[in-house]
Amino acid sequence: MIDDAETAAQTSTLARLREGLFHPLSDSDTDSGVESSPLQNALSPGTIDVHGDFVEVGDQYARTYWLTGWRKRPSGNFLKSLQTLTGVDFDLRLRARPVEKADAIERLKPKIKDIDADISDRQEVDDIESSVMTEDVHYYQGMYKLLKQTTVQPFDLNGYLTVRAGSKRALDLAEEQIKQGYESPETLTLDVAKRRALEDAEEPVLNAVEDTPAELSAISSSRADELFKSGAPGARDQYNELSWKDHTTMVCDGALGALFPFARSTVQDEDGVEYGRSEHHGQKIIASQFERGGAGHKITLADSGSGKTYHAGKQALRWWLGKEDRTVIFLDTMGGFYQHTEAVNGNRIVVDGNTTINPLLIQETPETVMETKDVDPFGMARDSAVSWILSIIKAQGGDPDDFKHLVSEIVTETYREAGIYPGRPETHGRESPTMDDFIEKTTTMLENPTEYTLSGHNIEGEEVKQEVRQFLRKLVGFKKHGRYQHLIGESEVTLEEGQVNYLDLQQIEALGTADKSTMLQLLLRNVYEMVKRAPEETIFVVDEAHYLLHSEEMLPWLQQAARHWRHYNAGLWFLSHRPDEFISGDEDGAGHKNAIRGQCTTTEFFRLKDLDWSVGRAFGLNESQYNFVTSQAVTGEADVGYSTGIVGFSDEEEWYTFEVASGDFEDALLSYNPDKHGAFKSYIRRFVSDPGALDRVFGAEDSNEERTDRAVGKDEDEESDGHTDGTDGDERTAQATNKDENEETGDGPGPLESALAAIHKEDQSAADETTDSTAGTANALSADDDSTGTTTTETDGEDESANETEERETPTEATEDEQEERSTENTDDEPDDEAPEDESEDERQEITTITGIGESYSSQLREVGIETVDDLAAADLNSLEEEEVLISSTLLEKWIGTARTECTTSSDTAADEQPGKPDSGGSAPGDVEVSLDDDD
């Protein structure tokens, strides 16, 4: 219990202290005769040197202007242009002193009389000024009536504007002038540079107060010291008090209200995260993207190197650390979030071009969400799978609209077959079907088409059969060795709730735009399913997010997902350098992009020098903000210790300019570069005060070398399966090889191959019935000859006729190996007759099977004679460099090593399985090929 006497004594002490600080000193204690207080003296600068109409205070030169000409009926917030001005150090001091109404009325009476008399005199000589003065007298007469008849409160208003410039601004300006040849470093002094910097800083400030709508007059004077002190916070109005004339203007409280806000506002959300410090008033901007009154989605737009990744990583980690069980998911293709994940022992998942991701994944939705929210989890899963499959059809040259209804029906039936039903969320926790199940359901529909008709009539069934036949031809990419074979099976991507997850897509950077978009769609779908299980809020940070908007089939689902994510307290955070991709154009007639942008309640810009003015306006930027983004924002590459950006919130009228900076440790963490700094643990140890604690966090078994390999991306084991599970590289390669062998030596062809074979067999039979036997034989031989080299059409999916030719059925005696051989691309027009029967399959594999080699890279390699994996394995790095191949040496070296590893593994496997060649009388697949070619 606190003693009352003690409390009273403490209160008395505090009261005396406050009285001593704020009570003005007597006139005898001051030299100037103007009263001041100890607090004012403590806050005042030590010395002020007056130089004509400006003063020198410490390191700065400053000039103060007296503001006059206050408008009698000002518009609201008429000083906004001054308050939003950036890049200049200035202070605005407004003094408003209430006036007794009776005194105000008495002051108005003689003023009105004097103006009336002056008007009469001027009217007698036809002076045009009389009309202007008539407006003045009407204003004062109106004020007089208001004061007499209403509760309006009068005020005496006065204002001062101080502009400053220090050494930094002076040196920056001097450096620019020297570069342009306007000044010489030998003759330019710091004093002159500061004066010019002050004049340079004054220009935009004076323009803001003198132009419309403020239209004030800014007057400087040789009484610079009095002006400066009058404009200082906490000081008295010495300029007015020591003048023979009253410098105040009497206004009503409405005019005073039009001045607001006196200072820039800020955002201070309780559960928010720091964006940076305001460039205007230095206060922290702390905001939560989930408290903006709508969906918690966000867009950050900036050029590469501007600081957006640094800022996003810093903010996401701080947000995750702010509360237990929050989940963060990073996704990018440049390795930009590796260190963030390592620092918190997060879950890093390397995704390459062979990582299996299940497009049909669905998981149970929590009952609490189903009871309180308007969500359709089955519809979301179905629409996502349909849009993705249609995007595959489009990538292979087909028209998605031709199969939209059919694909939706097959997807729904595939889910039903797995025991997952619409409107029954309790069934969504069952094992999800895969693309294998989807293809099997498609072939079932082909075999029994009448079961999927309304009437059950054979005519309707035949129509369904024809549609399914056409659709199956578009799925050739899912065959063995096909472009999308790796997407058949259970998903290999496992995200952890309540942790920092990193989907590292560095190894698909070389893929084309369509393939990147496809992969991002699948990952977004898997993330959505995880979000439903997350115990707390989730943020999904997507770098290069504009790839998501490239798919017309994906846009409706993405718009719906953006709306549904808010039900799970989850937010999408799009990072991109392409703001135009978030604006609907002619290709997006339904306006999905605009709707997605509209659901993002937070928008950030860092430096974006090529931003189009029309795009900036679509995001709500005015001319000043547009100029800041395109030319004034400081980039991270400027290496000045900070970067600057601008942020707008949907529930705020204005944009906030902020500065992003970090402490030494945080900056070291966020700036880590594996190529430059080496092993992460060794690097970060230098910035940690307790290295022992660091070892305990990472664990003794986690060696520096392992983390270095993982950071730089040189671990070929990761390229094999895309996981960082610590498995030995050779073991992984062997496992991958065994897996391929098991798939290729299964019992007979898969359902897709069988269905396609049946389709082409029917086509061939129909063709035989309408042509003579000689022509039929020639056509069969021609079809067989053409089928040798059409896997490029199969994998790249160009046109339907090419796919039909590729899938022409060979004689029924052909073995499974022969079928597999015909599904593999062979770019040679004439195969070698003497080729051994046990030729390893790697020698016939396209180089695109190597992770990271897409169509762009493969075309460059073909120009120098490298067409297969075997060619790549035999290639010499120095020779390729001499031929000026436009591919980095690092990538070439890695691909050559991978090719040689695959060839060695395949050779060893082949030697174990086939110790000797079959005799000449055997029926090896190669004999059939040679026989056909010889006859041809």
# chains A, B, ... in the order shown; residues from 1 in each chain; ligands from 1

call {"tool": "residues_around", "arguments": {"residues": "stretch 533-548 of chain A", "least_positions_apart": "2", "cutoff": "6 Å", "atoms": "only C-alpha atoms", "output": "list of chain:residue names"}}
result
A:Asp325, A:Arg326, A:Thr327, A:Val328, A:Ile329, A:Phe330, A:Leu331, A:Asp332, A:Glu497, A:Ser517, A:Met530, A:Val531, A:His550, A:Asn569, A:Ala570, A:Gly571, A:Leu572, A:Trp573, A:Phe574, A:Leu575, A:Ser576, A:Glu581

call {"tool": "select_by_dssp", "arguments": {"residues": "stretch 542-624 of chain A", "states": "strand (DSSP E)", "output": "PDB file with N, CA and C atoms, in the first residue's frame"}}
result
ATOM      1  N   VAL A 542       4.513 -13.774 -52.734  1.00  0.00           N
ATOM      2  CA  VAL A 542       4.763 -14.306 -54.076  1.00  0.00           C
ATOM      3  C   VAL A 542       5.582 -13.308 -54.872  1.00  0.00           C
ATOM      4  N   ALA A 570      -6.054 -15.058 -44.036  1.00  0.00           N
ATOM      5  CA  ALA A 570      -4.850 -15.230 -44.844  1.00  0.00           C
ATOM      6  C   ALA A 570      -4.773 -14.107 -45.872  1.00  0.00           C
ATOM      7  N   GLY A 571      -3.553 -13.704 -46.158  1.00  0.00           N
ATOM      8  CA  GLY A 571      -3.345 -12.620 -47.106  1.00  0.00           C
ATOM      9  C   GLY A 571      -2.336 -12.979 -48.177  1.00  0.00           C
ATOM     10  N   LEU A 572      -2.625 -12.580 -49.392  1.00  0.00           N
ATOM     11  CA  LEU A 572      -1.688 -12.710 -50.508  1.00  0.00           C
ATOM     12  C   LEU A 572      -0.855 -11.440 -50.581  1.00  0.00           C
ATOM     13  N   TRP A 573       0.431 -11.595 -50.783  1.00  0.00           N
ATOM     14  CA  TRP A 573       1.325 -10.440 -50.920  1.00  0.00           C
ATOM     15  C   TRP A 573       2.041 -10.576 -52.250  1.00  0.00           C
ATOM     16  N   PHE A 574       1.639  -9.776 -53.228  1.00  0.00           N
ATOM     17  CA  PHE A 574       2.191  -9.848 -54.570  1.00  0.00           C
ATOM     18  C   PHE A 574       3.395  -8.905 -54.683  1.00  0.00           C
ATOM     19  N   LEU A 575       4.540  -9.438 -55.095  1.00  0.00           N
ATOM     20  CA  LEU A 575       5.713  -8.627 -55.414  1.00  0.00           C
ATOM     21  C   LEU A 575       5.924  -8.693 -56.923  1.00  0.00           C
ATOM     22  N   SER A 576       6.114  -7.542 -57.548  1.00  0.00           N
ATOM     23  CA  SER A 576       6.257  -7.552 -59.003  1.00  0.00           C
ATOM     24  C   SER A 576       6.900  -6.262 -59.476  1.00  0.00           C
ATOM     25  N   CYS A 600      -6.819  -5.799 -52.935  1.00  0.00           N
ATOM     26  CA  CYS A 600      -5.560  -5.560 -52.221  1.00  0.00           C
ATOM     27  C   CYS A 600      -5.689  -4.235 -51.476  1.00  0.00           C
ATOM     28  N   THR A 601      -5.788  -4.315 -50.171  1.00  0.00           N
ATOM     29  CA  THR A 601      -6.059  -3.127 -49.366  1.00  0.00           C
ATOM     30  C   THR A 601      -4.801  -2.347 -49.016  1.00  0.00           C
ATOM     31  N   THR A 602      -3.639  -2.866 -49.355  1.00  0.00           N
ATOM     32  CA  THR A 602      -2.372  -2.161 -49.138  1.00  0.00           C
ATOM     33  C   THR A 602      -1.573  -2.180 -50.432  1.00  0.00           C
ATOM     34  N   THR A 603      -1.089  -1.025 -50.860  1.00  0.00           N
ATOM     35  CA  THR A 603      -0.287  -0.925 -52.087  1.00  0.00           C
ATOM     36  C   THR A 603       0.979  -0.144 -51.784  1.00  0.00           C
ATOM     37  N   GLU A 604       2.116  -0.726 -52.172  1.00  0.00           N
ATOM     38  CA  GLU A 604       3.415  -0.090 -51.953  1.00  0.00           C
ATOM     39  C   GLU A 604       4.126   0.112 -53.281  1.00  0.00           C
ATOM     40  N   PHE A 605       4.840   1.217 -53.383  1.00  0.00           N
ATOM     41  CA  PHE A 605       5.722   1.465 -54.511  1.00  0.00           C
ATOM     42  C   PHE A 605       7.113   1.790 -53.971  1.00  0.00           C
TER      43      PHE A 605
END

call {"tool": "closest_residue", "arguments": {"among": "A:Leu872, A:Ile853, A:Leu520, A:Met445", "to": "A:Ile887", "atoms": "only C-alpha atoms"}}
result
A:Ile853

call {"tool": "residues_around", "arguments": {"residues": "stretch 276-280 of chain A", "least_positions_apart": "5", "cutoff": "7 Å", "atoms": "only C-alpha atoms", "output": "NGL selection string"}}
result
:A and (86 or 285 or 656-660)

call {"tool": "write_last_selection", "arguments": {"atoms": "C-alpha atoms", "output": "CSV table (one decimal), in the first residue's frame"}}
result
chain,number,residue,atom,x,y,z
A,86,THR,CA,8.7,15.6,-49.6
A,285,ILE,CA,4.4,3.7,-39.7
A,656,TYR,CA,2.7,7.8,-46.8
A,657,THR,CA,6.4,8.2,-47.8
A,658,PHE,CA,8.6,6.1,-45.6
A,659,GLU,CA,12.3,5.2,-45.2
A,660,VAL,CA,13.4,1.6,-44.7

call {"tool": "closest_residue", "arguments": {"among": "A:Lys145, A:Glu202, A:His297, A:Thr333", "to": "A:Cys252", "atoms": "only C-alpha atoms"}}
result
A:Lys145

call {"tool": "closest_residue", "arguments": {"among": "A:Val192, A:Cys903, A:Val205, A:Leu558", "to": "A:Gly87", "atoms": "only C-alpha atoms"}}
result
A:Val205

call {"tool": "closest_residue", "arguments": {"among": "A:Tyr182, A:Leu67, A:Asp303, A:Glu274", "to": "A:Ser220", "atoms": "only C-alpha atoms"}}
result
A:Leu67

call {"tool": "closest_residue", "arguments": {"among": "A:Leu161, A:Val615, A:Leu880, A:Leu173", "to": "A:Gly231", "atoms": "only C-alpha atoms"}}
result
A:Leu161

call {"tool": "residues_around", "arguments": {"residues": "A:Gly423", "least_positions_apart": "5", "cutoff": "9 Å", "atoms": "only C-alpha atoms", "output": "list in words"}}
result
Asp376, Pro377 and Phe378 of chain A

call {"tool": "select_by_dssp", "arguments": {"residues": "stretch 650-686 of chain A", "states": "helix (DSSP H, G or I)", "output": "count of residues only"}}
result
17

call {"tool": "closest_residue", "arguments": {"among": "A:Gly293, A:Ala679, A:Ala633, A:Lys148", "to": "A:Glu106", "atoms": "only C-alpha atoms"}}
result
A:Lys148

call {"tool": "atom_distance", "arguments": {"atom1": "atom CA of A:Arg196", "atom2": "atom CA of A:Gly58"}}
result
17.3 Å
